[in-house]
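Remarks on the structure that follows.
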Amino acid sequence: MNITLTFHAHQPNRLIPYDFFKIGEHAFYEDDNLNGRVLSAVSERCYLPANRLMKQLIELSDGKFKFSLALSGVILEQAKYHRPDLITSFQELAETGCVEFLAMPYYASLASLYSTDEFAQQVAEHMDLMQELFGQKPTVLWNTSMLYSNAIAAQAYDMGFKGIMADGNSRMMSNRHINDLQCAPLIAKTKTLIRNRHLSNDLAHRRVDPGWSEYPLSPYTFANWLTEQEGQVVNLSMDYETLGERQTDSTGVFEFWRSMIMAALFNGNTFITPGTAVKRFRSTGTLDCPNPVSCTTFGTTTQWNGNVMQQEAIKKIYDLESAVKASEDRDMIHVWRKLQSADHFHYMEKTNGFTPYPSPYDAYIYYMNALADLQVRVKREAEMVHKADRTNLA
Amino acid sequence: MRRIKVLELGWEFPPLINGGLGVACMGISKALAKKVDLSVIVPKADPSAVYDGFTLTGINTLGYAEVESVSHGYSYNSFSLVSKAPVNLDPYAHVEGTPGSVVFTKEGKMLFSHVSRADLELFTGREDLYAGDLARKVIEFSKICAVLSKQYDFDVVHAHDWMTYLAGVEVKKATGKPLVVHLHASQFDRAGADARGWIYDIEKYGMEQADAVIPVSKYTGTVAAGHYGINPDKIFPVHNGADPVKVFHSKKKFPEKLVLFLGRLTAQKGPEFFLQIAAKVLEQTDDVRFVMAGTGEKLRQLIETGAFHGVGDKFHFTGFLNKQKVNELLSMTDVYCMPSVSEPFGLSALEAAQFNIPAVISKQSGVAEVMKGALKADFWDVNMMAKHIIDLTTDEELYKKVAAESAQDIMNSSWETAADKMIRVYHHVLGW
């Protein structure tokens, strides 16, 4: 069986408790200290040891083991400031020639749902970064949380991608075709790779769930499951934080992965990258997905835009688009884009327990205050430009 | 004519306060002390605080022996039948809903004249005055006051708000001195026109037993007469004063005008109306920001309603602010808005006026009687309120006029004026 394996890594830019009194005065919204500390801790527990393991597997298998990485621009930017060694570590992986870097919206945003222009620009910015850091030009798009719809697939085609990844979501398709490449309606040249949600979640969640019938999962059992799959290619994808962070070292997660990958290779399976998969295989059919689906728990977008606070925050940040861009102020545009990261809206979800804020209401208040500050800045800049124009004319 | 001797019964007293009641009691005491001989009893006093011109006794500072020594001289058992009264009556935490009812025992009579050690300990602990079994605290406070009053030489007893009304009535019955009750806020304000229950009963009982009732405004006087059936002939409204505050002005960090709401986020204060007013104003201009300072049980609901109206980038919640932050906020505010559903007085509007801020206030407030220049509307008339705010933020002439009139209104609102009026009430009840 052909297997693609994609890890996604991202760290949010958590905001400081940005209160009303800071509006108009305090232009830095992020809790740099906290973000740096979290990145550092997760690097030690997860990213660095996982990178070492992956590199080892590539060497052990003489390059037969291949995988791909979808790294957000945000995490790489954080790493530039706080953990440059993390970037070096990823670059070492790139040098093996066995790791493919996928394209993402740089800011792990929801731009694909709210602004096609902005989405294209963020993806382009990310492609530039991949070129700069890893010398690669991605051919496959991995949207934020694998957000996917007919429209998004069509845009991926417009942007020239050969492939786009989507979640094998039961809302969208039956499990029958999950291991086959498909295409969105009226799209021929951009193939859709479908994540095998079930097998991916076995690794990402159920492996450490004592209530699961297969617990404790043996790496050899899982390798056999992979071998028994039918279709063109089985696509595994999950957060990189699964290795060492969500599943700590003490659960034996690194050992499990080492044995599982080696066993899968031993069984005669082939690891390929998504870029190779879309080149090698034909599309087997049309996949109609009118509404956006994602790889989140419910497969929908509700964790970002399900309540009124989220809806308002999203509307207000995208309302700023034309004014921010008209400023041509690169710093301001960058700040605005960082506020688009989906995390900000997820923190406003009422059932989200995984948050740095005391409550979703606090998340909303800090965000809206920071947004208000940005609005003030945009307005000020526009007035200054206006004044300068008038002086020039006079 | 000799100076009148007054025994004042209070509940909160600075620096140990929860809300506006303590501030008002302090202002009254300071001003009264210049003209009468004043003693104040409160449940809790800061032992280190010293007050000029009057003595403040906190029951928390009393030793058991001190109470015990006078215990024998008095026995009165009007409340001996109360065995259990409802808990959690904190006026600053619970607004909606009705308090429970009092349970009376059939036989087990407690001897009202006897104060036990445990009773005294109610006030010596670290617990908040409104926490725990508030009803028991109120009853024990009245028992202890009745006993203690035997030690004081006074002509008239003056009780502030329902928590001390029972004590006032007990003191009156124990000593035969006339009782004046001060109505700072009623259950009608806190819980609406249908409010009934234990607190309402105590308020009504206290005002009925009193020789005079001093509401903090004519508006509150009509509540006393209309909702509690108190004889209007013994109601003498006296407006609160405002202590001068150190006024300063600071520059806003943003270009928009700033409209401020300050208060607990409870139905009484009308925060939902403020939100609706903001939404109306923002439909017409984006040159205004709104701040809702304070916290309360409606906070989360208000946040979501604001998001629903789509005003979250112009309507800011600060949560609870300390005095310093409040002043910082006032120093940059352009318009003060108080859309209270029922506001006995509304001192904060006067405080804002000291910062030279024009106010838009509800007609259902006591301060509306004092602030002749302020722009007013019924609390529910969000269109009119919004119009006032837009007028103030766009019409500079009007802004200056309202601010100037407010300055005049403050000059006329001093605690000294208030104290003089209270002394006239004392004279009236004493027949001097």
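Naming scheme: A, B, ... for chains in displayed order of the structure tokens; residues 1 onward per chain; ligands 1 onward as shown.
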
Practice item. Pick out the chain B residues within 6 Å of chain A. Count only C-alpha atoms. Give them as an MDAnalysis selection string. Key: chainID B and resid 253:254 307:308 310 313

Exercise for review: Any chance you could list, as a list in words, the residues in range 235-349 of chain A that come up strand (DSSP E) when DSSP is run on the backbone?
Suggested key: Asn235, Leu236, Ser237, Met238, Asp239, Leu243, Gly244, Gln247, Thr248, Thr270 and Phe271 of chain A

Exercise for review: Compile the contact shell of Asp381 in chain B as a VMD selection string: residues with an atom at most 12 Å away, counting only C-alpha atoms, same-chain residues fewer than 3 positions apart removed.
Suggested key: chain B and resid 270 273 to 274 276 to 277 280 339 to 341 360 to 364 376 to 378 384 to 388

Point to revise | Test item: residues at most 12 Å from Ser112 in chain A, only C-alpha atoms, excluding those fewer than 4 positions along its chain, as JSON, numbers by chain | key: {"A": [104, 105, 106, 107, 108, 116, 117, 118, 119, 120, 121, 122, 123, 141, 142, 143, 144, 145, 146, 147, 148, 149, 150, 151, 152, 153, 154, 155, 156, 292, 293, 294, 301, 318, 340, 341, 342]}

Review point. What's the 8 Å shell around Ile235 in chain B, counting only C-alpha atoms, without same-chain residues fewer than 2 positions away, as a PyMOL selection string?
Key: chain B and resi 212-215+221+230-233+237

Check your understanding: Hey, can you check how far CA of Asn13 in chain A sits from CA of Ser40 in chain A?
Key ->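 One can read the CA of Asn13 in chain A to CA of Ser40 in chain A distance as 13.6 Å.
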
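Between Thr221 in chain A and the residues A:Glu241, A:Asp202, A:Glu125, A:Glu381, the shortest atom-to-atom distance, using only C-alpha atoms, involves A:Asp202.
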
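For the pair CA of Ser61 in chain A and CA of Thr227 in chain A, the interatomic distance is 17.4 Å.
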
List the spatial neighbours of Val281 in chain B as a tab-separated table (two decimals) with C-alpha atoms, in the first residue's frame - criterion: any atom at most 12 Å away, only C-alpha atoms, same-chain residues fewer than 6 positions off excluded.
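And here's out.tsv as it stands now:
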```tsv
chain	number	residue	atom	x	y	z
B	257	LYS	CA	-15.66	60.66	21.80
B	259	VAL	CA	-19.35	57.73	26.58
B	274	PHE	CA	-26.99	51.43	27.61
B	275	LEU	CA	-26.12	48.76	25.07
B	287	ASP	CA	-17.04	58.71	16.03
B	288	VAL	CA	-18.05	57.50	19.50
B	289	ARG	CA	-16.76	54.80	21.81
B	290	PHE	CA	-18.64	53.36	24.74
B	309	HIS	CA	-25.51	44.07	17.78
B	311	VAL	CA	-20.75	46.90	18.29
B	314	LYS	CA	-16.73	50.30	19.79
B	315	PHE	CA	-18.28	49.06	23.01
B	382	VAL	CA	-33.32	54.58	24.08
B	383	ASN	CA	-34.05	56.76	21.05
B	384	MET	CA	-34.18	59.89	23.19
B	385	MET	CA	-31.09	58.84	25.14
B	386	ALA	CA	-29.22	58.21	21.88
B	387	LYS	CA	-30.33	61.59	20.53
B	388	HIS	CA	-29.03	63.31	23.67
B	389	ILE	CA	-25.66	61.60	23.28
B	390	ILE	CA	-25.37	62.49	19.61
B	391	ASP	CA	-26.36	66.09	20.40
B	392	LEU	CA	-23.71	66.32	23.10
B	393	THR	CA	-20.99	64.83	20.93
B	394	THR	CA	-21.74	67.02	17.93
```

Exercise for review: Can you list, as a count of residues only, all residues belonging to range 200-382 of chain B that DSSP tags as helix (DSSP H, G or I)?
Suggested key: 73

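Computed from the coordinates, the CA of Phe141 in chain B to CA of Thr164 in chain B distance equals 7.7 Å.
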
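Residues within 12 Å of Asp62 in chain A, counting only C-alpha atoms and excluding same-chain residues fewer than 2 positions away, are Lys55, Gln56, Leu57, Ile58, Glu59, Leu60, Lys64, Phe65, Lys66, Thr96, Gly97, Cys98, Met262 and Leu265 of chain A.
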